[in-house]
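File shown: my_file_23.txt. Contents: compact mmCIF, C-alpha atoms.
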# COMPACT_ATOMS: atom_id res chain seq x y z
CA MET A 457 -30.79 -76.49 10.50
CA VAL A 458 -28.49 -73.43 10.92
CA ASP A 459 -25.35 -73.86 12.85
CA GLU A 460 -25.48 -71.35 15.74
CA ASN A 461 -21.69 -71.20 15.87
CA VAL A 462 -21.64 -69.87 12.26
CA SER A 463 -24.55 -67.36 12.47
CA ALA A 464 -23.40 -65.72 15.69
CA PRO A 465 -19.99 -64.56 14.39
CA ALA A 466 -21.68 -63.37 11.15
CA SER A 467 -24.12 -61.17 13.10
CA ALA A 468 -21.33 -59.86 15.29
CA GLY A 469 -19.32 -59.02 12.17
CA LYS A 470 -22.20 -57.03 10.69
CA ARG A 471 -22.67 -55.09 13.92
CA SER A 472 -18.94 -54.35 14.03
CA THR A 473 -18.97 -53.09 10.41
CA LYS A 474 -21.99 -50.84 11.08
CA LYS A 475 -20.30 -49.48 14.19
CA LYS A 476 -17.13 -48.67 12.24
CA LEU A 477 -19.16 -46.96 9.51
CA LEU A 478 -21.00 -44.88 12.08
CA ILE A 479 -17.73 -43.89 13.75
CA TRP A 480 -16.09 -42.95 10.44
CA GLY A 481 -19.24 -41.11 9.31
CA GLY A 482 -19.41 -39.15 12.56
CA ALA A 483 -15.69 -38.35 12.40
CA SER A 484 -16.05 -37.15 8.78
CA VAL A 485 -18.97 -34.88 9.65
CA LEU A 486 -17.06 -33.49 12.62
CA LEU A 487 -13.98 -32.89 10.47
CA LEU A 488 -16.03 -31.09 7.81
CA ALA A 489 -17.65 -28.94 10.49
CA VAL A 490 -14.25 -28.00 11.93
CA LEU A 491 -12.91 -27.18 8.45
CA ALA A 492 -15.99 -25.06 7.72
CA VAL A 493 -15.49 -23.09 10.92
CA LEU A 494 -11.78 -22.60 10.18
CA PHE A 495 -12.63 -21.49 6.63
CA VAL A 496 -15.11 -18.89 7.81
CA CYS A 497 -12.84 -17.67 10.60
CA ALA A 498 -9.96 -17.32 8.15
CA LEU A 499 -12.21 -15.41 5.74
CA PHE A 500 -13.97 -13.04 8.12
CA THR A 501 -11.94 -10.71 10.32
CA SER A 502 -12.59 -7.57 12.29
CA PRO A 503 -11.73 -4.26 10.63
CA ARG A 504 -8.26 -3.60 11.95
CA GLU A 505 -6.98 -0.19 12.90
CA ARG A 506 -4.09 0.44 10.56
CA LYS A 507 -1.21 2.75 11.37
CA PHE A 508 -0.90 4.84 8.26
CA GLU A 509 0.43 8.09 9.63
CA PRO A 510 2.89 10.37 7.79
CA SER A 511 6.25 11.24 9.30
CA MET A 512 8.09 14.54 9.07
CA VAL A 513 10.04 13.12 6.11
CA ASP A 514 6.74 12.49 4.31
CA PHE A 515 5.72 16.13 4.69
CA LEU A 516 9.16 17.23 3.48
CA ASN A 517 8.80 15.01 0.42
CA GLN A 518 5.39 16.51 -0.30
CA THR A 519 6.85 20.00 -0.01
CA ALA A 520 9.62 19.08 -2.45
CA VAL A 521 7.09 17.84 -5.03
CA LEU A 522 4.99 20.98 -4.62
CA SER A 523 8.09 23.11 -5.07
CA LYS A 524 8.83 21.39 -8.38
CA LEU A 525 5.29 22.08 -9.58
CA HIS A 526 5.42 25.72 -8.44
CA LYS A 527 8.75 26.26 -10.14
CA HIS A 528 7.57 24.72 -13.39
CA TYR A 529 4.28 26.68 -13.30
CA LYS A 530 6.15 29.92 -12.71
CA ASN A 531 8.59 29.37 -15.57
CA SER A 532 6.36 27.52 -18.08
CA PRO A 533 2.68 27.78 -17.03
CA ASP A 534 1.34 26.60 -20.41
CA LYS A 535 3.57 23.54 -20.75
CA PRO A 536 2.98 20.10 -19.18
CA CYS A 537 5.18 19.25 -16.22
CA VAL A 538 7.00 15.90 -16.08
CA ILE A 539 7.76 14.62 -12.58
CA GLN A 540 9.54 11.39 -11.75
CA LEU A 541 8.75 10.15 -8.25
CA SER A 542 10.81 7.59 -6.36
CA GLU A 543 9.15 4.83 -4.33
CA ASN A 544 9.70 6.81 -1.13
CA GLU A 545 8.14 9.94 -2.63
CA VAL A 546 5.09 8.03 -3.89
CA ASN A 547 4.57 6.42 -0.47
CA SER A 548 5.03 9.79 1.25
CA LEU A 549 2.34 11.37 -0.93
CA LEU A 550 -0.02 8.46 -0.20
CA ARG A 551 0.43 8.82 3.58
CA VAL A 552 0.10 12.61 3.50
CA SER A 553 -3.03 12.34 1.33
CA ALA A 554 -4.56 9.91 3.85
CA PHE A 555 -3.67 12.33 6.66
CA TRP A 556 -5.43 15.28 5.03
CA GLN A 557 -8.38 13.13 4.04
CA GLU A 558 -8.93 12.35 7.71
CA ARG A 559 -8.40 15.95 8.86
CA LEU A 560 -10.72 17.45 6.25
CA GLY A 561 -13.52 15.04 7.12
CA LYS A 562 -13.99 13.56 3.67
CA LYS A 563 -16.87 11.07 3.68
CA GLU A 564 -15.66 8.48 1.22
CA LYS A 565 -16.90 4.95 1.78
CA VAL A 566 -13.36 3.60 1.72
CA LYS A 567 -10.52 5.82 2.92
CA LEU A 568 -6.84 5.69 2.08
CA LYS A 569 -6.10 4.99 5.73
CA ASP A 570 -8.21 1.83 5.54
CA LEU A 571 -6.51 0.66 2.35
CA ALA A 572 -3.00 1.49 3.64
CA PRO A 573 -1.53 1.42 0.10
CA VAL A 574 2.18 0.81 -0.42
CA TYR A 575 4.10 1.32 -3.67
CA LYS A 576 7.03 -1.03 -4.28
CA ASN A 577 8.82 -2.36 -7.37
CA GLY A 578 6.30 -0.78 -9.72
CA LEU A 579 3.26 -2.31 -7.98
CA PHE A 580 0.71 -1.10 -5.44
CA TYR A 581 -0.22 -3.24 -2.43
CA CYS A 582 -3.33 -2.54 -0.37
CA VAL A 583 -5.95 -4.12 1.87
CA TYR A 584 -9.59 -3.51 1.00
CA PRO A 585 -11.96 -4.05 3.95
CA TYR A 586 -15.10 -5.37 2.23
CA ASP A 587 -18.14 -5.13 4.51
CA THR A 588 -20.53 -8.01 3.81
CA GLY A 589 -23.22 -6.55 6.08
CA MET A 590 -23.47 -9.82 8.01
CA ARG A 591 -22.76 -8.97 11.63
CA PHE A 592 -21.30 -12.21 12.87
CA LEU A 593 -17.81 -13.53 13.39
CA ASN A 594 -16.13 -10.29 14.40
CA GLY A 595 -18.18 -7.89 12.32
CA GLY A 596 -18.51 -9.69 8.99
CA VAL A 597 -15.69 -7.87 7.17
CA ILE A 598 -13.63 -9.67 4.53
CA GLU A 599 -10.17 -8.25 4.10
CA LEU A 600 -9.10 -8.38 0.46
CA TYR A 601 -5.34 -8.24 -0.07
CA ILE A 602 -4.77 -6.80 -3.53
CA THR A 603 -1.65 -6.27 -5.64
CA PHE A 604 -2.03 -4.26 -8.84
CA SER A 605 -0.24 -2.18 -11.43
CA LEU A 606 -1.47 1.29 -12.35
CA SER A 607 -0.77 3.44 -15.37
CA LYS A 608 -2.58 6.06 -17.41
CA GLN A 609 -2.81 7.07 -21.01
CA PRO A 610 -4.76 10.02 -22.43
CA GLY A 611 -8.42 9.13 -22.09
CA LYS A 612 -8.06 6.00 -19.98
CA VAL A 613 -6.77 4.52 -16.71
CA LEU A 614 -5.16 1.10 -16.87
CA VAL A 615 -5.35 -1.11 -13.79
CA ASP A 616 -4.20 -4.72 -13.79
CA ILE A 617 -4.83 -6.90 -10.73
CA LYS A 618 -1.82 -9.16 -10.21
CA SER A 619 -3.09 -11.06 -7.17
CA CYS A 620 -5.98 -11.01 -4.73
CA LYS A 621 -6.67 -12.89 -1.51
CA ALA A 622 -9.85 -12.94 0.57
CA GLY A 623 -8.56 -13.57 4.06
CA ALA A 624 -6.20 -16.51 3.56
CA PHE A 625 -7.71 -17.71 0.28
CA ASN A 626 -6.62 -16.85 -3.26
CA ILE A 627 -9.09 -15.39 -5.78
CA PRO A 628 -8.38 -15.72 -9.53
CA ALA A 629 -7.16 -12.30 -10.68
CA SER A 630 -8.60 -12.82 -14.18
CA LYS A 631 -12.18 -12.81 -12.88
CA ILE A 632 -11.61 -9.57 -10.99
CA ASN A 633 -9.92 -7.91 -13.96
CA ASP A 634 -12.87 -8.70 -16.22
CA ARG A 635 -15.27 -6.90 -13.88
CA LEU A 636 -12.79 -4.11 -13.16
CA HIS A 637 -12.23 -3.30 -16.83
CA LYS A 638 -15.99 -2.91 -17.32
CA CYS A 639 -16.14 -0.50 -14.38
CA LEU A 640 -13.20 1.51 -15.75
CA ALA A 641 -14.85 1.72 -19.17
CA ALA A 642 -17.89 3.33 -17.51
CA LEU A 643 -15.64 5.61 -15.43
CA HIS A 644 -14.02 7.06 -18.53
CA ASN A 645 -17.29 8.84 -19.38
CA ASP A 646 -17.55 10.50 -15.95
CA LYS A 647 -17.09 14.29 -15.67
CA LYS A 648 -14.65 13.96 -12.76
CA PHE A 649 -12.52 11.58 -14.80
CA LYS A 650 -12.41 14.02 -17.69
CA LEU A 651 -11.08 16.68 -15.30
CA LEU A 652 -8.48 14.23 -14.02
CA ASP A 653 -7.61 13.33 -17.61
CA LYS A 654 -6.85 16.98 -18.38
CA THR A 655 -4.80 17.30 -15.19
CA VAL A 656 -2.80 14.06 -15.43
CA PRO A 657 -2.85 12.65 -18.97
CA VAL A 658 0.01 10.18 -18.48
CA VAL A 659 1.27 7.98 -15.64
CA SER A 660 3.86 5.28 -16.30
CA VAL A 661 6.25 3.06 -14.38
CA GLU A 662 9.92 3.44 -15.27
CA ALA A 663 12.49 0.65 -15.41
CA ASP A 664 13.89 1.59 -11.99
CA GLY A 665 10.44 1.40 -10.40
CA SER A 666 9.92 5.15 -10.18
CA LEU A 667 6.61 6.67 -11.23
CA LYS A 668 6.63 9.11 -14.13
CA ILE A 669 3.76 11.60 -14.12
CA VAL A 670 2.90 14.11 -16.84
CA CYS A 671 0.54 16.76 -15.55
CA ALA A 672 -0.89 20.24 -16.06
CA PRO A 673 0.79 22.16 -13.20
CA GLU A 674 -2.03 24.58 -12.40
CA ASN A 675 -4.70 21.87 -12.06
CA ALA A 676 -2.30 19.54 -10.25
CA LEU A 677 -1.47 22.20 -7.64
CA ARG A 678 -5.16 22.78 -6.97
CA ILE A 679 -5.78 19.07 -6.45
CA ILE A 680 -2.72 18.50 -4.23
CA GLN A 681 -3.53 21.59 -2.17
CA ASN A 682 -7.16 20.46 -2.03
CA LYS A 683 -8.55 23.66 -3.56
What is this structure when it is put down as structure tokens?
Amino acid sequence: MVDENVSAPASAGKRSTKKKLLIWGGASVLLLAVLAVLFVCALFTSPRERKFEPSMVDFLNQTAVLSKLHKHYKNSPDKPCVIQLSENEVNSLLRVSAFWQERLGKKEKVKLKDLAPVYKNGLFYCVYPYDTGMRFLNGGVIELYITFSLSKQPGKVLVDIKSCKAGAFNIPASKINDRLHKCLAALHNDKKFKLLDKTVPVVSVEADGSLKIVCAPENALRIIQNK
């Protein structure tokens, strides 16, 4: 014969344990759901309108660079021109280039204005708005924050991704570099690249962070003046 006083507390204990498990299970599912929503919201953002407009100083800096090229071309048209650009001059040329790209109606998939590149301490910083095509959560655009170094040798462009973030989440730079280097290897056989290679054979970063550019002045003037 079973003692009712013993079996009743045992059954109550089992029910209590099941109830606790259900509560913890429900709380865990809810927590995972909240984290998933936060993850997606942090990853997907709307394409933001970026203020990347040149100032009068930027146009003056562009004019100064063009003057150097004109002067060199006039005095030594057959010799390569070596120009050393400060951080401010590089950033001015980037903003002015974005300005003219907008005004001339260029139909590139990704524009300089969208990337909003900044040159500082020998590195370029930009934001790449990657469109996933999934129109939910504010448009389905992932903003990739990229930091990279850029240099050039005769016959090749060297790009090294230093860091990359998708929204608020880090992406291993090594994986991106592997894919990027394959793309650059294919680019080196392109006709447009060969023209660029003849125009600007060398780009290097100096110890003070300035950008040293060796170029053919005639071709460089045509590109800068968009001819």
>> Distance cut-off 12 Å, centre (4.1, 11.2, -0.7) in file coordinates, counting all atoms listed in the file: which residues qualify? Return them as JSON, numbers by chain.
In response: {"A": [509, 510, 511, 512, 513, 514, 515, 516, 517, 518, 519, 520, 521, 522, 541, 542, 543, 544, 545, 546, 547, 548, 549, 550, 551, 552, 553, 554, 555, 556, 573, 574, 575, 667, 680]}
Determine the axis-aligned bounding box of all atoms of segment 635-644 of chain A present in the file, pad each side by 5 Å, and express its centre and edge lengths in Å to one decimal place as JSON.
{"center_x": -15.1, "center_y": 0.1, "center_z": -16.2, "size_x": 15.7, "size_y": 24.0, "size_z": 16.0}
> What does the distance between atom CA of Asp587 of chain A and atom CA of Asp570 of chain A come to in Å, to one decimal place?
Replying inline: 12.2 Å
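Around the point (2.7, -7.2, -0.7), within 10 Å and counting only C-alpha atoms, we find these residues: Pro573, Val574, Tyr575, Lys576, Leu579, Phe580, Tyr581, Cys582, Val583, Tyr601, Ile602, Thr603, Phe604 and Ser619 of chain A.
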>> Please report the interatomic distance between atom CA of Thr655 of chain A and atom CA of Ala676 of chain A in Å with one decimal.
In response: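 Interatomic distance here is 6.0 Å.
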Report as an mmCIF file with C-alpha atoms, in the coordinates of the input all protein, DNA and RNA residues lying within 12 Å of segment 640-645 of chain A, evaluated on only C-alpha atoms, omitting residues in the same chain fewer than 5 positions from it.
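Once everything was written out, this is out.cif:
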data_model
loop_
_atom_site.group_PDB
_atom_site.id
_atom_site.type_symbol
_atom_site.label_atom_id
_atom_site.label_comp_id
_atom_site.auth_asym_id
_atom_site.auth_seq_id
_atom_site.Cartn_x
_atom_site.Cartn_y
_atom_site.Cartn_z
ATOM 1 C CA LYS A 608 -2.580 6.060 -17.410
ATOM 2 C CA GLN A 609 -2.810 7.070 -21.010
ATOM 3 C CA PRO A 610 -4.760 10.020 -22.430
ATOM 4 C CA GLY A 611 -8.420 9.130 -22.090
ATOM 5 C CA LYS A 612 -8.060 6.000 -19.980
ATOM 6 C CA VAL A 613 -6.770 4.520 -16.710
ATOM 7 C CA LEU A 614 -5.160 1.100 -16.870
ATOM 8 C CA VAL A 615 -5.350 -1.110 -13.790
ATOM 9 C CA ASP A 616 -4.200 -4.720 -13.790
ATOM 10 C CA ASN A 633 -9.920 -7.910 -13.960
ATOM 11 C CA ASP A 634 -12.870 -8.700 -16.220
ATOM 12 C CA ARG A 635 -15.270 -6.900 -13.880
ATOM 13 C CA LYS A 650 -12.410 14.020 -17.690
ATOM 14 C CA LEU A 651 -11.080 16.680 -15.300
ATOM 15 C CA LEU A 652 -8.480 14.230 -14.020
ATOM 16 C CA ASP A 653 -7.610 13.330 -17.610
#
>> Using only C-alpha atoms, which protein or nucleic acid residues come within 12 Å of His528 of chain A? Drop anything in the same chain fewer than 2 positions from it, and give the result as a list in words.
In response: Val521, Leu522, Ser523, Lys524, Leu525, His526, Lys530, Asn531, Ser532, Pro533, Asp534, Lys535, Pro536, Cys537, Val538, Ile539, Cys671, Ala672, Pro673, Glu674, Ala676 and Leu677 of chain A
Saved selection, atoms kept: C-alpha atoms, as an mmCIF file, in the frame of the given file:
data_model
loop_
_atom_site.group_PDB
_atom_site.id
_atom_site.type_symbol
_atom_site.label_atom_id
_atom_site.label_comp_id
_atom_site.auth_asym_id
_atom_site.auth_seq_id
_atom_site.Cartn_x
_atom_site.Cartn_y
_atom_site.Cartn_z
ATOM 1 C CA VAL A 521 7.090 17.840 -5.030
ATOM 2 C CA LEU A 522 4.990 20.980 -4.620
ATOM 3 C CA SER A 523 8.090 23.110 -5.070
ATOM 4 C CA LYS A 524 8.830 21.390 -8.380
ATOM 5 C CA LEU A 525 5.290 22.080 -9.580
ATOM 6 C CA HIS A 526 5.420 25.720 -8.440
ATOM 7 C CA LYS A 530 6.150 29.920 -12.710
ATOM 8 C CA ASN A 531 8.590 29.370 -15.570
ATOM 9 C CA SER A 532 6.360 27.520 -18.080
ATOM 10 C CA PRO A 533 2.680 27.780 -17.030
ATOM 11 C CA ASP A 534 1.340 26.600 -20.410
ATOM 12 C CA LYS A 535 3.570 23.540 -20.750
ATOM 13 C CA PRO A 536 2.980 20.100 -19.180
ATOM 14 C CA CYS A 537 5.180 19.250 -16.220
ATOM 15 C CA VAL A 538 7.000 15.900 -16.080
ATOM 16 C CA ILE A 539 7.760 14.620 -12.580
ATOM 17 C CA CYS A 671 0.540 16.760 -15.550
ATOM 18 C CA ALA A 672 -0.890 20.240 -16.060
ATOM 19 C CA PRO A 673 0.790 22.160 -13.200
ATOM 20 C CA GLU A 674 -2.030 24.580 -12.400
ATOM 21 C CA ALA A 676 -2.300 19.540 -10.250
ATOM 22 C CA LEU A 677 -1.470 22.200 -7.640
#
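Between atom CA of Tyr584 of chain A and atom CA of Arg559 of chain A lies a distance of 21.0 Å.
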Output requested as a PDB file, in the coordinates of the input - segment 648-672 of chain A, filled out with N, CA and C atoms.
ATOM      1  N   LYS A 648     -15.819  13.841 -13.642  1.00  0.00           N
ATOM      2  CA  LYS A 648     -14.650  13.960 -12.760  1.00  0.00           C
ATOM      3  C   LYS A 648     -13.427  13.320 -13.419  1.00  0.00           C
ATOM      4  N   PHE A 649     -13.652  12.215 -14.124  1.00  0.00           N
ATOM      5  CA  PHE A 649     -12.520  11.580 -14.800  1.00  0.00           C
ATOM      6  C   PHE A 649     -11.973  12.485 -15.898  1.00  0.00           C
ATOM      7  N   LYS A 650     -12.856  13.145 -16.605  1.00  0.00           N
ATOM      8  CA  LYS A 650     -12.410  14.020 -17.690  1.00  0.00           C
ATOM      9  C   LYS A 650     -11.555  15.167 -17.145  1.00  0.00           C
ATOM     10  N   LEU A 651     -11.909  15.653 -15.940  1.00  0.00           N
ATOM     11  CA  LEU A 651     -11.080  16.680 -15.300  1.00  0.00           C
ATOM     12  C   LEU A 651      -9.716  16.102 -14.919  1.00  0.00           C
ATOM     13  N   LEU A 652      -9.737  14.899 -14.367  1.00  0.00           N
ATOM     14  CA  LEU A 652      -8.480  14.230 -14.020  1.00  0.00           C
ATOM     15  C   LEU A 652      -7.641  13.989 -15.272  1.00  0.00           C
ATOM     16  N   ASP A 653      -8.306  13.626 -16.361  1.00  0.00           N
ATOM     17  CA  ASP A 653      -7.610  13.330 -17.610  1.00  0.00           C
ATOM     18  C   ASP A 653      -6.880  14.577 -18.136  1.00  0.00           C
ATOM     19  N   LYS A 654      -7.496  15.735 -17.952  1.00  0.00           N
ATOM     20  CA  LYS A 654      -6.850  16.980 -18.380  1.00  0.00           C
ATOM     21  C   LYS A 654      -5.695  17.348 -17.458  1.00  0.00           C
ATOM     22  N   THR A 655      -5.832  16.956 -16.182  1.00  0.00           N
ATOM     23  CA  THR A 655      -4.800  17.300 -15.190  1.00  0.00           C
ATOM     24  C   THR A 655      -3.599  16.365 -15.284  1.00  0.00           C
ATOM     25  N   VAL A 656      -3.883  15.059 -15.372  1.00  0.00           N
ATOM     26  CA  VAL A 656      -2.800  14.060 -15.430  1.00  0.00           C
ATOM     27  C   VAL A 656      -3.073  13.125 -16.620  1.00  0.00           C
ATOM     28  N   PRO A 657      -2.590  13.490 -17.796  1.00  0.00           N
ATOM     29  CA  PRO A 657      -2.850  12.650 -18.970  1.00  0.00           C
ATOM     30  C   PRO A 657      -2.048  11.359 -19.009  1.00  0.00           C
ATOM     31  N   VAL A 658      -0.862  11.346 -18.377  1.00  0.00           N
ATOM     32  CA  VAL A 658       0.010  10.180 -18.480  1.00  0.00           C
ATOM     33  C   VAL A 658       0.618   9.822 -17.122  1.00  0.00           C
ATOM     34  N   VAL A 659       0.562   8.541 -16.792  1.00  0.00           N
ATOM     35  CA  VAL A 659       1.270   7.980 -15.640  1.00  0.00           C
ATOM     36  C   VAL A 659       1.899   6.670 -16.105  1.00  0.00           C
ATOM     37  N   SER A 660       3.186   6.510 -15.863  1.00  0.00           N
ATOM     38  CA  SER A 660       3.860   5.280 -16.300  1.00  0.00           C
ATOM     39  C   SER A 660       4.920   4.879 -15.291  1.00  0.00           C
ATOM     40  N   VAL A 661       5.225   3.597 -15.273  1.00  0.00           N
ATOM     41  CA  VAL A 661       6.250   3.060 -14.380  1.00  0.00           C
ATOM     42  C   VAL A 661       7.550   2.929 -15.159  1.00  0.00           C
ATOM     43  N   GLU A 662       8.625   3.492 -14.628  1.00  0.00           N
ATOM     44  CA  GLU A 662       9.920   3.440 -15.270  1.00  0.00           C
ATOM     45  C   GLU A 662      10.658   2.139 -14.913  1.00  0.00           C
ATOM     46  N   ALA A 663      11.744   1.884 -15.617  1.00  0.00           N
ATOM     47  CA  ALA A 663      12.490   0.650 -15.410  1.00  0.00           C
ATOM     48  C   ALA A 663      13.036   0.507 -13.993  1.00  0.00           C
ATOM     49  N   ASP A 664      13.354   1.626 -13.357  1.00  0.00           N
ATOM     50  CA  ASP A 664      13.890   1.590 -11.990  1.00  0.00           C
ATOM     51  C   ASP A 664      12.806   1.549 -10.924  1.00  0.00           C
ATOM     52  N   GLY A 665      11.542   1.462 -11.347  1.00  0.00           N
ATOM     53  CA  GLY A 665      10.440   1.400 -10.400  1.00  0.00           C
ATOM     54  C   GLY A 665       9.857   2.738 -10.021  1.00  0.00           C
ATOM     55  N   SER A 666      10.462   3.819 -10.480  1.00  0.00           N
ATOM     56  CA  SER A 666       9.920   5.150 -10.180  1.00  0.00           C
ATOM     57  C   SER A 666       8.655   5.387 -11.005  1.00  0.00           C
ATOM     58  N   LEU A 667       7.876   6.358 -10.577  1.00  0.00           N
ATOM     59  CA  LEU A 667       6.610   6.670 -11.230  1.00  0.00           C
ATOM     60  C   LEU A 667       6.750   7.988 -11.991  1.00  0.00           C
ATOM     61  N   LYS A 668       6.536   7.919 -13.283  1.00  0.00           N
ATOM     62  CA  LYS A 668       6.630   9.110 -14.130  1.00  0.00           C
ATOM     63  C   LYS A 668       5.225   9.680 -14.344  1.00  0.00           C
ATOM     64  N   ILE A 669       5.065  10.961 -14.021  1.00  0.00           N
ATOM     65  CA  ILE A 669       3.760  11.600 -14.120  1.00  0.00           C
ATOM     66  C   ILE A 669       3.866  12.847 -14.996  1.00  0.00           C
ATOM     67  N   VAL A 670       3.017  12.919 -16.004  1.00  0.00           N
ATOM     68  CA  VAL A 670       2.900  14.110 -16.840  1.00  0.00           C
ATOM     69  C   VAL A 670       1.620  14.821 -16.444  1.00  0.00           C
ATOM     70  N   CYS A 671       1.726  16.081 -16.055  1.00  0.00           N
ATOM     71  CA  CYS A 671       0.540  16.760 -15.550  1.00  0.00           C
ATOM     72  C   CYS A 671       0.506  18.236 -15.962  1.00  0.00           C
ATOM     73  N   ALA A 672      -0.697  18.802 -15.877  1.00  0.00           N
ATOM     74  CA  ALA A 672      -0.890  20.240 -16.060  1.00  0.00           C
ATOM     75  C   ALA A 672      -0.652  20.880 -14.699  1.00  0.00           C
TER      76      ALA A 672
END
